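Chemist: Below is the file coords_13.pdb, with PDB, C-alpha atoms and all ligand atoms.
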ATOM      1  CA  MET Z   1      22.421 -11.537  -1.718
ATOM      2  CA  ALA Z   2      19.285 -11.383   0.382
ATOM      3  CA  GLU Z   3      16.075 -12.523  -1.288
ATOM      4  CA  PRO Z   4      13.693  -9.766  -2.396
ATOM      5  CA  LEU Z   5      10.585  -9.078  -0.330
ATOM      6  CA  ILE Z   6       8.397  -8.960  -3.435
ATOM      7  CA  GLU Z   7       8.988 -11.005  -6.536
ATOM      8  CA  LEU Z   8       6.518 -10.890  -9.417
ATOM      9  CA  LYS Z   9       7.435 -13.215 -12.271
ATOM     10  CA  ASN Z  10       5.656 -12.759 -15.581
ATOM     11  CA  ILE Z  11       2.307 -11.843 -14.062
ATOM     12  CA  TYR Z  12      -0.845 -11.788 -16.182
ATOM     13  CA  LYS Z  13      -4.331 -10.783 -15.102
ATOM     14  CA  ILE Z  14      -6.751 -11.337 -17.924
ATOM     15  CA  TYR Z  15     -10.447 -10.464 -17.947
ATOM     16  CA  HIS Z  16     -12.893 -11.662 -20.558
ATOM     17  CA  MET Z  17     -15.645  -9.241 -21.475
ATOM     18  CA  GLY Z  18     -17.780 -11.100 -24.014
ATOM     19  CA  ASP Z  19     -15.419 -11.757 -26.919
ATOM     20  CA  GLU Z  20     -12.958  -9.155 -25.780
ATOM     21  CA  GLU Z  21      -9.903  -9.959 -23.695
ATOM     22  CA  VAL Z  22      -8.598  -7.294 -21.313
ATOM     23  CA  ARG Z  23      -5.004  -7.752 -20.180
ATOM     24  CA  ALA Z  24      -5.064  -5.688 -16.999
ATOM     25  CA  SER Z  25      -1.606  -7.089 -16.204
ATOM     26  CA  ASP Z  26       0.260  -8.102 -19.321
ATOM     27  CA  GLY Z  27       3.471  -9.861 -18.344
ATOM     28  CA  VAL Z  28       4.739  -7.917 -15.357
ATOM     29  CA  SER Z  29       8.040  -8.911 -13.744
ATOM     30  CA  LEU Z  30       9.175  -6.880 -10.770
ATOM     31  CA  SER Z  31      11.382  -7.413  -7.794
ATOM     32  CA  ILE Z  32      11.392  -5.196  -4.679
ATOM     33  CA  ASP Z  33      13.859  -5.520  -1.823
ATOM     34  CA  ARG Z  34      13.263  -4.882   1.854
ATOM     35  CA  GLY Z  35      13.765  -1.227   2.717
ATOM     36  CA  GLU Z  36      12.793   0.202  -0.679
ATOM     37  CA  PHE Z  37      10.323   3.042  -1.278
ATOM     38  CA  VAL Z  38       8.695   2.419  -4.665
ATOM     39  CA  ALA Z  39       5.983   4.383  -6.452
ATOM     40  CA  ILE Z  40       3.862   2.553  -9.019
ATOM     41  CA  VAL Z  41       2.536   5.205 -11.367
ATOM     42  CA  GLY Z  42       0.313   5.155 -14.427
ATOM     43  CA  LYS Z  43      -2.731   6.756 -16.030
ATOM     44  CA  SER Z  44      -6.306   5.706 -15.324
ATOM     45  CA  GLY Z  45      -6.921   2.192 -16.652
ATOM     46  CA  SER Z  46      -3.212   1.368 -16.969
ATOM     47  CA  GLY Z  47      -3.436  -1.517 -14.476
ATOM     48  CA  LYS Z  48      -2.296  -0.023 -11.169
ATOM     49  CA  SER Z  49      -5.149  -1.327  -9.031
ATOM     50  CA  THR Z  50      -4.821  -4.725 -10.654
ATOM     51  CA  LEU Z  51      -1.171  -4.837  -9.662
ATOM     52  CA  MET Z  52      -1.844  -3.428  -6.207
ATOM     53  CA  ASN Z  53      -4.462  -6.152  -5.609
ATOM     54  CA  ILE Z  54      -1.957  -8.816  -6.566
ATOM     55  CA  ILE Z  55       0.928  -7.329  -4.553
ATOM     56  CA  GLY Z  56      -1.446  -6.862  -1.594
ATOM     57  CA  ALA Z  57      -2.568 -10.507  -1.762
ATOM     58  CA  LEU Z  58      -6.127  -9.317  -2.349
ATOM     59  CA  ASP Z  59      -6.296 -11.177  -5.638
ATOM     60  CA  VAL Z  60      -4.314 -13.825  -7.500
ATOM     61  CA  PRO Z  61      -2.967 -13.547 -11.052
ATOM     62  CA  THR Z  62      -4.389 -15.468 -14.006
ATOM     63  CA  GLU Z  63      -0.833 -16.574 -14.799
ATOM     64  CA  GLY Z  64       2.612 -16.060 -13.331
ATOM     65  CA  GLU Z  65       4.254 -16.401  -9.972
ATOM     66  CA  TYR Z  66       4.194 -14.091  -6.953
ATOM     67  CA  ILE Z  67       6.585 -14.687  -4.084
ATOM     68  CA  LEU Z  68       6.065 -12.496  -1.005
ATOM     69  CA  GLY Z  69       8.551 -12.827   1.827
ATOM     70  CA  GLY Z  70       9.693 -16.190   0.429
ATOM     71  CA  GLU Z  71       6.160 -17.625   0.208
ATOM     72  CA  ASP Z  72       4.422 -18.448  -3.052
ATOM     73  CA  VAL Z  73       1.206 -16.435  -2.976
ATOM     74  CA  SER Z  74       0.117 -17.055  -6.579
ATOM     75  CA  GLU Z  75      -2.099 -20.034  -5.909
ATOM     76  CA  MET Z  76      -3.246 -19.486  -2.356
ATOM     77  CA  SER Z  77      -6.865 -19.899  -1.266
ATOM     78  CA  ASP Z  78      -8.826 -16.896   0.033
ATOM     79  CA  ASP Z  79      -8.216 -17.984   3.634
ATOM     80  CA  GLN Z  80      -4.490 -18.311   3.098
ATOM     81  CA  LEU Z  81      -4.397 -14.910   1.372
ATOM     82  CA  ALA Z  82      -6.199 -13.334   4.337
ATOM     83  CA  GLN Z  83      -3.605 -14.788   6.694
ATOM     84  CA  ILE Z  84      -0.689 -13.556   4.605
ATOM     85  CA  ARG Z  85      -2.220 -10.072   4.421
ATOM     86  CA  ASN Z  86      -2.688  -9.952   8.136
ATOM     87  CA  LYS Z  87       0.808 -11.131   8.871
ATOM     88  CA  MET Z  88       2.742  -9.147   6.287
ATOM     89  CA  ILE Z  89       0.948  -6.109   4.921
ATOM     90  CA  GLY Z  90      -0.223  -2.772   6.311
ATOM     91  CA  PHE Z  91      -2.698  -1.067   3.975
ATOM     92  CA  ILE Z  92      -3.237   2.658   3.555
ATOM     93  CA  PHE Z  93      -6.215   3.620   1.376
ATOM     94  CA  GLN Z  94      -7.260   6.867  -0.260
ATOM     95  CA  GLN Z  95     -10.475   7.042   1.783
ATOM     96  CA  TYR Z  96      -8.802   5.999   5.062
ATOM     97  CA  ASN Z  97     -11.347   3.147   5.574
ATOM     98  CA  LEU Z  98     -11.697   3.868   9.291
ATOM     99  CA  LEU Z  99     -14.749   2.408  10.990
ATOM    100  CA  PRO Z 100     -16.944   5.380  12.015
ATOM    101  CA  LYS Z 101     -18.374   3.864  15.217
ATOM    102  CA  LEU Z 102     -15.039   2.800  16.658
ATOM    103  CA  ASN Z 103     -12.735   5.271  18.387
ATOM    104  CA  LEU Z 104      -9.201   5.813  17.124
ATOM    105  CA  LEU Z 105      -7.658   3.274  19.468
ATOM    106  CA  GLU Z 106     -10.198   0.614  18.492
ATOM    107  CA  ASN Z 107      -9.613   1.347  14.814
ATOM    108  CA  VAL Z 108      -5.856   0.951  15.170
ATOM    109  CA  GLU Z 109      -6.341  -2.215  17.243
ATOM    110  CA  LEU Z 110      -8.400  -3.969  14.563
ATOM    111  CA  PRO Z 111      -5.615  -5.717  12.621
ATOM    112  CA  LEU Z 112      -4.132  -6.879  15.935
ATOM    113  CA  LEU Z 113      -7.519  -8.237  16.974
ATOM    114  CA  TYR Z 114      -7.694 -10.231  13.717
ATOM    115  CA  ALA Z 115      -4.162 -11.443  14.307
ATOM    116  CA  GLY Z 116      -5.203 -12.794  17.725
ATOM    117  CA  VAL Z 117      -3.004 -10.488  19.815
ATOM    118  CA  PRO Z 118      -4.156 -10.528  23.476
ATOM    119  CA  VAL Z 119      -6.168  -7.532  24.656
ATOM    120  CA  GLN Z 120      -3.591  -5.776  26.846
ATOM    121  CA  GLU Z 121      -0.779  -6.054  24.308
ATOM    122  CA  ARG Z 122      -3.212  -4.910  21.631
ATOM    123  CA  LYS Z 123      -3.976  -1.719  23.523
ATOM    124  CA  GLU Z 124      -0.321  -0.984  24.210
ATOM    125  CA  ARG Z 125       0.777  -1.520  20.623
ATOM    126  CA  ALA Z 126      -2.135   0.502  19.238
ATOM    127  CA  LEU Z 127      -1.369   3.407  21.576
ATOM    128  CA  LYS Z 128       2.303   3.296  20.629
ATOM    129  CA  SER Z 129       1.324   3.344  17.002
ATOM    130  CA  LEU Z 130      -0.998   6.325  17.538
ATOM    131  CA  ALA Z 131       1.858   8.081  19.352
ATOM    132  CA  LYS Z 132       4.053   7.606  16.268
ATOM    133  CA  VAL Z 133       1.616   9.675  14.240
ATOM    134  CA  GLY Z 134       1.155  12.208  17.065
ATOM    135  CA  LEU Z 135      -2.456  11.357  17.875
ATOM    136  CA  GLU Z 136      -2.257   9.353  21.110
ATOM    137  CA  GLU Z 137      -4.069  12.039  23.073
ATOM    138  CA  LYS Z 138      -7.065  11.762  20.795
ATOM    139  CA  TRP Z 139      -7.423   7.995  21.197
ATOM    140  CA  LYS Z 140     -11.011   8.290  22.463
ATOM    141  CA  ASN Z 141     -12.170  10.397  19.517
ATOM    142  CA  LEU Z 142     -14.238   9.077  16.658
ATOM    143  CA  PRO Z 143     -12.812   9.362  13.125
ATOM    144  CA  ASN Z 144     -15.313  12.042  12.041
ATOM    145  CA  GLN Z 145     -14.018  14.323  14.811
ATOM    146  CA  LEU Z 146     -10.691  14.585  12.967
ATOM    147  CA  SER Z 147      -9.468  16.418   9.868
ATOM    148  CA  GLY Z 148      -8.739  14.461   6.681
ATOM    149  CA  GLY Z 149      -4.999  14.566   7.279
ATOM    150  CA  GLN Z 150      -5.431  13.354  10.858
ATOM    151  CA  GLN Z 151      -7.680  10.525   9.690
ATOM    152  CA  GLN Z 152      -5.039   9.483   7.181
ATOM    153  CA  ARG Z 153      -2.485   9.500  10.011
ATOM    154  CA  VAL Z 154      -4.750   7.164  12.000
ATOM    155  CA  SER Z 155      -4.903   4.853   9.015
ATOM    156  CA  ILE Z 156      -1.089   4.950   8.877
ATOM    157  CA  ALA Z 157      -1.013   4.075  12.596
ATOM    158  CA  ARG Z 158      -3.357   1.172  11.885
ATOM    159  CA  ALA Z 159      -1.095   0.004   9.048
ATOM    160  CA  LEU Z 160       1.928   0.149  11.367
ATOM    161  CA  ALA Z 161       0.336  -1.517  14.389
ATOM    162  CA  GLY Z 162       0.833  -5.041  13.093
ATOM    163  CA  ASP Z 163       4.535  -4.386  12.394
ATOM    164  CA  PRO Z 164       4.119  -5.370   8.732
ATOM    165  CA  SER Z 165       6.883  -6.334   6.301
ATOM    166  CA  LEU Z 166       5.270  -4.171   3.645
ATOM    167  CA  ILE Z 167       3.302  -0.918   3.725
ATOM    168  CA  LEU Z 168       1.063  -0.715   0.688
ATOM    169  CA  ALA Z 169      -0.465   2.699   0.059
ATOM    170  CA  ASP Z 170      -3.142   3.197  -2.611
ATOM    171  CA  GLU Z 171      -3.383   6.887  -3.631
ATOM    172  CA  PRO Z 172      -2.645   7.864  -0.003
ATOM    173  CA  THR Z 173      -2.968  11.583  -0.721
ATOM    174  CA  GLY Z 174      -5.842  11.324  -3.190
ATOM    175  CA  ALA Z 175      -8.373  12.874  -0.811
ATOM    176  CA  LEU Z 176      -6.087  15.512   0.736
ATOM    177  CA  ASP Z 177      -5.189  19.121  -0.051
ATOM    178  CA  SER Z 178      -1.630  19.841  -1.128
ATOM    179  CA  ARG Z 179      -0.282  20.911   2.260
ATOM    180  CA  THR Z 180      -1.730  17.875   4.039
ATOM    181  CA  SER Z 181      -0.552  15.649   1.190
ATOM    182  CA  ARG Z 182       2.962  16.899   1.770
ATOM    183  CA  GLU Z 183       2.718  16.017   5.480
ATOM    184  CA  VAL Z 184       1.547  12.502   4.704
ATOM    185  CA  LEU Z 185       4.317  12.031   2.108
ATOM    186  CA  ASN Z 186       6.943  13.314   4.546
ATOM    187  CA  PHE Z 187       5.608  10.830   7.014
ATOM    188  CA  LEU Z 188       5.881   7.941   4.562
ATOM    189  CA  ARG Z 189       9.433   9.004   3.785
ATOM    190  CA  GLN Z 190      10.288   9.036   7.474
ATOM    191  CA  LEU Z 191       8.821   5.534   7.888
ATOM    192  CA  ASN Z 192      10.996   4.388   4.999
ATOM    193  CA  GLU Z 193      14.064   5.944   6.585
ATOM    194  CA  GLU Z 194      13.242   3.947   9.715
ATOM    195  CA  GLY Z 195      13.523   0.800   7.595
ATOM    196  CA  ASN Z 196       9.966   0.164   6.411
ATOM    197  CA  THR Z 197       9.384  -1.084   2.874
ATOM    198  CA  ILE Z 198       6.813   1.088   1.119
ATOM    199  CA  VAL Z 199       4.966   0.595  -2.140
ATOM    200  CA  MET Z 200       2.769   3.523  -3.093
ATOM    201  CA  ILE Z 201       0.271   3.517  -5.970
ATOM    202  CA  THR Z 202      -0.517   6.836  -7.649
ATOM    203  CA  HIS Z 203      -1.682   8.321 -10.951
ATOM    204  CA  ASP Z 204       0.168  11.564 -10.134
ATOM    205  CA  ASN Z 205       3.776  12.068 -11.286
ATOM    206  CA  SER Z 206       4.434  14.746  -8.677
ATOM    207  CA  ILE Z 207       3.529  12.243  -5.948
ATOM    208  CA  ALA Z 208       5.578   9.471  -7.572
ATOM    209  CA  LEU Z 209       8.618  11.760  -7.454
ATOM    210  CA  GLU Z 210       8.559  11.527  -3.634
ATOM    211  CA  ALA Z 211       9.575   7.854  -3.783
ATOM    212  CA  LYS Z 212      13.116   6.572  -4.360
ATOM    213  CA  ARG Z 213      12.282   4.253  -7.236
ATOM    214  CA  VAL Z 214       9.509   4.603  -9.797
ATOM    215  CA  VAL Z 215       7.770   1.861 -11.754
ATOM    216  CA  ARG Z 216       5.483   3.151 -14.500
ATOM    217  CA  ILE Z 217       2.678   1.031 -15.941
ATOM    218  CA  LYS Z 218       1.096   1.470 -19.343
ATOM    219  CA  ASP Z 219      -1.489  -0.919 -20.802
ATOM    220  CA  GLY Z 220      -0.688  -3.503 -18.147
ATOM    221  CA  LYS Z 221       3.052  -3.461 -18.861
ATOM    222  CA  ILE Z 222       5.996  -1.829 -17.123
ATOM    223  CA  ASN Z 223       7.441   0.856 -19.394
ATOM    224  CA  PHE Z 224       9.833   2.433 -16.892
ATOM    225  CA  ASP Z 225      11.542   1.035 -13.812
ATOM    226  CA  GLY Z 226      14.370   2.962 -12.239
ATOM    227  CA  ASP Z 227      15.722   5.579  -9.895
ATOM    228  CA  VAL Z 228      13.488   8.556  -9.167
ATOM    229  CA  LYS Z 229      16.140  10.930 -10.559
ATOM    230  CA  ASP Z 230      16.044   9.187 -13.933
ATOM    231  CA  TYR Z 231      12.249   9.277 -13.837
ATOM    232  CA  ALA Z 232      12.289  13.005 -13.131
ATOM    233  CA  ALA Z 233      14.571  13.464 -16.144
ATOM    234  CA  ILE Z 234      12.383  11.515 -18.564
ATOM    235  CA  ILE Z 235       9.155  13.269 -17.556
ATOM    236  CA  GLN Z 236      10.989  16.589 -17.743
ATOM    237  CA  ALA Z 237      11.876  15.640 -21.315
ATOM    238  CA  GLY Z 238       8.214  14.931 -21.974
ATOM    239  CA  ASN Z 239       8.294  11.138 -22.026
TER
HETATM  240  N1  LIG I 301     -13.059  -6.920 -12.844
HETATM  241  C1  LIG I 301     -12.725  -6.467 -14.065
HETATM  242  N2  LIG I 301     -13.349  -6.949 -15.150
HETATM  243  C2  LIG I 301     -13.015  -6.517 -16.396
HETATM  244  N3  LIG I 301     -12.067  -5.601 -16.662
HETATM  245  C3  LIG I 301     -11.414  -5.094 -15.607
HETATM  246  C4  LIG I 301     -11.701  -5.486 -14.263
HETATM  247  N4  LIG I 301     -10.893  -4.799 -13.421
HETATM  248  C5  LIG I 301     -10.137  -4.013 -14.220
HETATM  249  N5  LIG I 301     -10.434  -4.183 -15.513
HETATM  250  C6  LIG I 301      -9.797  -3.504 -16.664
HETATM  251  O1  LIG I 301      -8.388  -3.651 -16.531
HETATM  252  C7  LIG I 301      -7.716  -2.456 -16.889
HETATM  253  C8  LIG I 301      -6.848  -1.976 -15.730
HETATM  254  O2  LIG I 301      -7.704  -1.588 -14.654
HETATM  255  P1  LIG I 301      -7.150  -1.028 -13.269
HETATM  256  O3  LIG I 301      -8.317  -0.883 -12.365
HETATM  257  O4  LIG I 301      -6.041  -1.881 -12.809
HETATM  258  O5  LIG I 301      -6.590   0.414 -13.698
HETATM  259  P2  LIG I 301      -5.993   1.600 -12.792
HETATM  260  O6  LIG I 301      -4.650   1.907 -13.329
HETATM  261  O7  LIG I 301      -6.103   1.252 -11.370
HETATM  262  O8  LIG I 301      -6.960   2.823 -13.130
HETATM  263  P3  LIG I 301      -7.469   4.022 -12.150
HETATM  264  O9  LIG I 301      -6.329   4.999 -12.054
HETATM  265  O10 LIG I 301      -8.609   4.610 -12.943
HETATM  266  O11 LIG I 301      -7.873   3.454 -10.858
HETATM  267  C9  LIG I 301      -8.792  -1.472 -17.322
HETATM  268  O12 LIG I 301      -8.911  -1.522 -18.725
HETATM  269  C10 LIG I 301     -10.040  -2.014 -16.666
HETATM  270  O13 LIG I 301     -11.190  -1.660 -17.377
HETATM  271 MG    MG I 302      -7.159   2.102  -9.738
END
Show me the file's structure as structure tokens.
Modeler:
Amino acid sequence: MAEPLIELKNIYKIYHMGDEEVRASDGVSLSIDRGEFVAIVGKSGSGKSTLMNIIGALDVPTEGEYILGGEDVSEMSDDQLAQIRNKMIGFIFQQYNLLPKLNLLENVELPLLYAGVPVQERKERALKSLAKVGLEEKWKNLPNQLSGGQQQRVSIARALAGDPSLILADEPTGALDSRTSREVLNFLRQLNEEGNTIVMITHDNSIALEAKRVVRIKDGKINFDGDVKDYAAIIQAGN
């Protein structure tokens, strides 16, 4: 069997607030294969962002092992984490995080610039990526000249430009109305059908139901991990 893309083994993230200990991740084990579309769902404070930061190599766990693409990320330095992120992960954030003074092409080019891709190739790949989200004709525009949904599509183009192993989306529809949310979700589904591995963080069950597999977090622990159909059934039953 092929090795999983993501392997979290008994992950703890523990914060100390005075005398109090907060277990933001409390023994999480999770394995995600290439090509999966997984939603990580949970209420506010359940530990989603904590887990997203670890999966996204933005932070390291207090305890436990994280293997991403065969590499042990758990004890990497900040510089090594930055390299891994650049090489392997495309991020999509709730607030798009586009740079307001750069045009769309320049925004999409940024991760390629950091990765040291030469200028001409950078432009070509960024344009191709913008074309994938249907915005290549607007490449000269600034982000604030676009609608929210279009801006989120640019951020998806930016995530795709580096040809990442993993697309990590944090509340990708959190700032969008329901129709635009649907478009963005359809788009993520299409990217998954084209072979991309997607992990999407959300507090919203109706969004989680768009994935193929759901992992639910409560108090820093996984309390459901399974097929989306089984998840739909248990929330239908009120669990
Ligand atoms: N830097 C920190 N220092 C102390 N406690 C923290 C820190 N970051 C998170 N926590 C605590 O860890 C727990 C999980 O937080 P986390 O941000 O992962 O939740 P979340 O599921 O992302 O919530 P939300 O949906 O509101 O974003 C919470 O109790 C939170 O207060
Ligand atoms: Mg959060």
Chemist: Hey, can you pull every residue with an atom no more than 12 Å from (-12.0, 7.1, 24.0), using all atoms listed in the file, and send it as a list in words?
Modeler: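 Selection result: Lys101, Leu102, Asn103, Leu104, Leu105, Glu106, Asn107, Lys123, Leu127, Glu136, Glu137, Lys138, Trp139, Lys140, Asn141, Leu142, Pro143 and Gln145 of chain Z.
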Chemist: Considering all atoms listed in the file, state which residue in the set Z:Ala57, Z:Leu185, Z:Ala39, Z:Ala237 is at the smallest distance from Gly90 (chain Z).
Modeler: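 When distances to Gly90 (chain Z) are compared using all atoms listed in the file, the smallest one comes from Z:Ala57.
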Chemist: All residues within 9 Å of ligand LIG 301 (chain I) are required, counting all atoms listed in the file; please report them as a PyMOL selection string.
Modeler: chain Z and resi 13-17+21-25+41-53+201-203+217-220
Chemist: Pull out every residue that the PyMOL selection byres (((chain Z and resi 209-216) around 10) and not hetatm) matches in the shown coordinates and put them as a ChimeraX atom specification.
Modeler: /Z:30,32,36-43,46,48,182,185-186,188-189,192,198-208,217-218,220-232
Chemist: Write out as a PyMOL selection string each polymer residue whose atoms come within 12 Å of Ile54 (chain Z), counting only C-alpha atoms; drop sequence neighbours fewer than 5 positions from it.
Modeler: chain Z and resi 6-9+11-13+24-25+28+47-49+59-68+73-76+81+85+168
Chemist: If we count only C-alpha atoms and set the cut-off at 8 Å, which residues sit around Asn86 (chain Z), ignoring sequence neighbours fewer than 6 positions away in its own chain? Please answer as number ranges by chain.
Modeler: Z: 111, 114-115, 162
Chemist: Grab all the atoms of region 56-71 of chain Z that the file lists, wrap them in a box along x, y and z, add 4 Å per side, and give me centre plus edge lengths in Å (one decimal) as AutoDock Vina command-line options.
Modeler:
--center_x 1.7 --center_y -12.2 --center_z -6.5 --size_x 24.0 --size_y 18.8 --size_z 24.6
Chemist: Closest to ligand MG 302 (chain I) among Z:Gln94, Z:Gln236, Z:Asn144, Z:Thr173, using all atoms listed in the file?
Modeler: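 Once distances to ligand MG 302 (chain I) are computed over all atoms listed in the file, the minimum belongs to Z:Gln94.
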Chemist: Can you spell out as a PyMOL selection string the set of residues that the PyMOL selection byres (((chain Z and resi 150) around 10) and not hetatm) selects in the structure I just provided?
Modeler: chain Z and resi 96+133-135+143+145-149+151-156+180+184
Chemist: So the first atom is CA of Gly195 (chain Z) and the second is CA of Ser165 (chain Z); what is the distance between them in Å, to one decimal place?
Modeler: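 Taking CA of Gly195 (chain Z) as the start and CA of Ser165 (chain Z) as the end point, the length is 9.8 Å.
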Chemist: Using all atoms listed in the file for the distances, tell me which of Z:Leu58, Z:Lys132, Z:Asn196, Z:Asn97 is nearest to Pro172 (chain Z).
Modeler: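 That would be Z:Asn97, the residue with the smallest distance to Pro172 (chain Z).
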Chemist: Mind rebuilding region 13-21 of chain Z with all heavy atoms and writing that out as a PDB file, keeping the file's coordinate frame?
Modeler:
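For reference, selection-v4.pdb as written:
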ATOM      1  N   LYS Z  13      -2.956 -10.749 -15.607  1.00  0.00           N
ATOM      2  CA  LYS Z  13      -4.331 -10.783 -15.102  1.00  0.00           C
ATOM      3  C   LYS Z  13      -5.227 -10.469 -16.287  1.00  0.00           C
ATOM      4  O   LYS Z  13      -5.155  -9.379 -16.864  1.00  0.00           O
ATOM      5  CB  LYS Z  13      -4.538  -9.732 -13.993  1.00  0.00           C
ATOM      6  CG  LYS Z  13      -5.912  -9.803 -13.353  1.00  0.00           C
ATOM      7  CD  LYS Z  13      -6.042 -10.996 -12.423  1.00  0.00           C
ATOM      8  CE  LYS Z  13      -7.448 -11.184 -11.905  1.00  0.00           C
ATOM      9  NZ  LYS Z  13      -7.538 -12.292 -10.932  1.00  0.00           N
ATOM     10  N   ILE Z  14      -5.975 -11.457 -16.687  1.00  0.00           N
ATOM     11  CA  ILE Z  14      -6.751 -11.337 -17.924  1.00  0.00           C
ATOM     12  C   ILE Z  14      -8.242 -11.445 -17.617  1.00  0.00           C
ATOM     13  O   ILE Z  14      -8.683 -12.367 -16.932  1.00  0.00           O
ATOM     14  CB  ILE Z  14      -6.321 -12.434 -18.931  1.00  0.00           C
ATOM     15  CG1 ILE Z  14      -4.820 -12.239 -19.252  1.00  0.00           C
ATOM     16  CG2 ILE Z  14      -7.154 -12.367 -20.206  1.00  0.00           C
ATOM     17  CD1 ILE Z  14      -4.210 -13.351 -20.081  1.00  0.00           C
ATOM     18  N   TYR Z  15      -8.993 -10.450 -18.087  1.00  0.00           N
ATOM     19  CA  TYR Z  15     -10.447 -10.464 -17.947  1.00  0.00           C
ATOM     20  C   TYR Z  15     -11.079 -10.708 -19.314  1.00  0.00           C
ATOM     21  O   TYR Z  15     -10.581 -10.203 -20.316  1.00  0.00           O
ATOM     22  CB  TYR Z  15     -10.955  -9.124 -17.410  1.00  0.00           C
ATOM     23  CG  TYR Z  15     -10.476  -8.804 -16.012  1.00  0.00           C
ATOM     24  CD1 TYR Z  15      -9.509  -7.830 -15.793  1.00  0.00           C
ATOM     25  CD2 TYR Z  15     -11.008  -9.476 -14.910  1.00  0.00           C
ATOM     26  CE1 TYR Z  15      -9.077  -7.530 -14.516  1.00  0.00           C
ATOM     27  CE2 TYR Z  15     -10.580  -9.181 -13.632  1.00  0.00           C
ATOM     28  CZ  TYR Z  15      -9.620  -8.209 -13.431  1.00  0.00           C
ATOM     29  OH  TYR Z  15      -9.196  -7.914 -12.174  1.00  0.00           O
ATOM     30  N   HIS Z  16     -12.168 -11.463 -19.306  1.00  0.00           N
ATOM     31  CA  HIS Z  16     -12.893 -11.662 -20.558  1.00  0.00           C
ATOM     32  C   HIS Z  16     -14.213 -10.931 -20.477  1.00  0.00           C
ATOM     33  O   HIS Z  16     -15.018 -11.169 -19.574  1.00  0.00           O
ATOM     34  CB  HIS Z  16     -13.112 -13.159 -20.800  1.00  0.00           C
ATOM     35  CG  HIS Z  16     -11.817 -13.865 -21.078  1.00  0.00           C
ATOM     36  ND1 HIS Z  16     -11.237 -13.876 -22.319  1.00  0.00           N
ATOM     37  CD2 HIS Z  16     -10.968 -14.535 -20.255  1.00  0.00           C
ATOM     38  CE1 HIS Z  16     -10.094 -14.541 -22.268  1.00  0.00           C
ATOM     39  NE2 HIS Z  16      -9.901 -14.947 -21.015  1.00  0.00           N
ATOM     40  N   MET Z  17     -14.404  -9.997 -21.404  1.00  0.00           N
ATOM     41  CA  MET Z  17     -15.645  -9.241 -21.475  1.00  0.00           C
ATOM     42  C   MET Z  17     -16.306  -9.612 -22.789  1.00  0.00           C
ATOM     43  O   MET Z  17     -15.991  -9.031 -23.828  1.00  0.00           O
ATOM     44  CB  MET Z  17     -15.370  -7.728 -21.437  1.00  0.00           C
ATOM     45  CG  MET Z  17     -14.464  -7.269 -20.297  1.00  0.00           C
ATOM     46  SD  MET Z  17     -15.312  -7.371 -18.716  1.00  0.00           S
ATOM     47  CE  MET Z  17     -16.488  -6.040 -18.924  1.00  0.00           C
ATOM     48  N   GLY Z  18     -17.234 -10.600 -22.754  1.00  0.00           N
ATOM     49  CA  GLY Z  18     -17.780 -11.100 -24.014  1.00  0.00           C
ATOM     50  C   GLY Z  18     -16.650 -11.729 -24.823  1.00  0.00           C
ATOM     51  O   GLY Z  18     -15.924 -12.576 -24.320  1.00  0.00           O
ATOM     52  N   ASP Z  19     -16.492 -11.236 -26.058  1.00  0.00           N
ATOM     53  CA  ASP Z  19     -15.419 -11.757 -26.919  1.00  0.00           C
ATOM     54  C   ASP Z  19     -14.090 -11.075 -26.649  1.00  0.00           C
ATOM     55  O   ASP Z  19     -13.052 -11.557 -27.071  1.00  0.00           O
ATOM     56  CB  ASP Z  19     -15.761 -11.526 -28.411  1.00  0.00           C
ATOM     57  CG  ASP Z  19     -16.881 -12.442 -28.845  1.00  0.00           C
ATOM     58  OD1 ASP Z  19     -17.156 -13.412 -28.100  1.00  0.00           O
ATOM     59  OD2 ASP Z  19     -17.487 -12.188 -29.898  1.00  0.00           O
ATOM     60  N   GLU Z  20     -14.159  -9.960 -25.949  1.00  0.00           N
ATOM     61  CA  GLU Z  20     -12.958  -9.155 -25.780  1.00  0.00           C
ATOM     62  C   GLU Z  20     -12.134  -9.628 -24.583  1.00  0.00           C
ATOM     63  O   GLU Z  20     -12.665 -10.031 -23.552  1.00  0.00           O
ATOM     64  CB  GLU Z  20     -13.366  -7.692 -25.570  1.00  0.00           C
ATOM     65  CG  GLU Z  20     -12.278  -6.712 -25.970  1.00  0.00           C
ATOM     66  CD  GLU Z  20     -12.574  -5.322 -25.426  1.00  0.00           C
ATOM     67  OE1 GLU Z  20     -13.759  -5.034 -25.106  1.00  0.00           O
ATOM     68  OE2 GLU Z  20     -11.622  -4.561 -25.276  1.00  0.00           O
ATOM     69  N   GLU Z  21     -10.817  -9.577 -24.771  1.00  0.00           N
ATOM     70  CA  GLU Z  21      -9.903  -9.959 -23.695  1.00  0.00           C
ATOM     71  C   GLU Z  21      -9.211  -8.692 -23.190  1.00  0.00           C
ATOM     72  O   GLU Z  21      -8.654  -7.940 -23.973  1.00  0.00           O
ATOM     73  CB  GLU Z  21      -8.881 -10.931 -24.286  1.00  0.00           C
ATOM     74  CG  GLU Z  21      -7.904 -11.470 -23.286  1.00  0.00           C
ATOM     75  CD  GLU Z  21      -6.825 -12.314 -23.970  1.00  0.00           C
ATOM     76  OE1 GLU Z  21      -7.023 -13.520 -24.122  1.00  0.00           O
ATOM     77  OE2 GLU Z  21      -5.781 -11.740 -24.326  1.00  0.00           O
TER      78      GLU Z  21
END
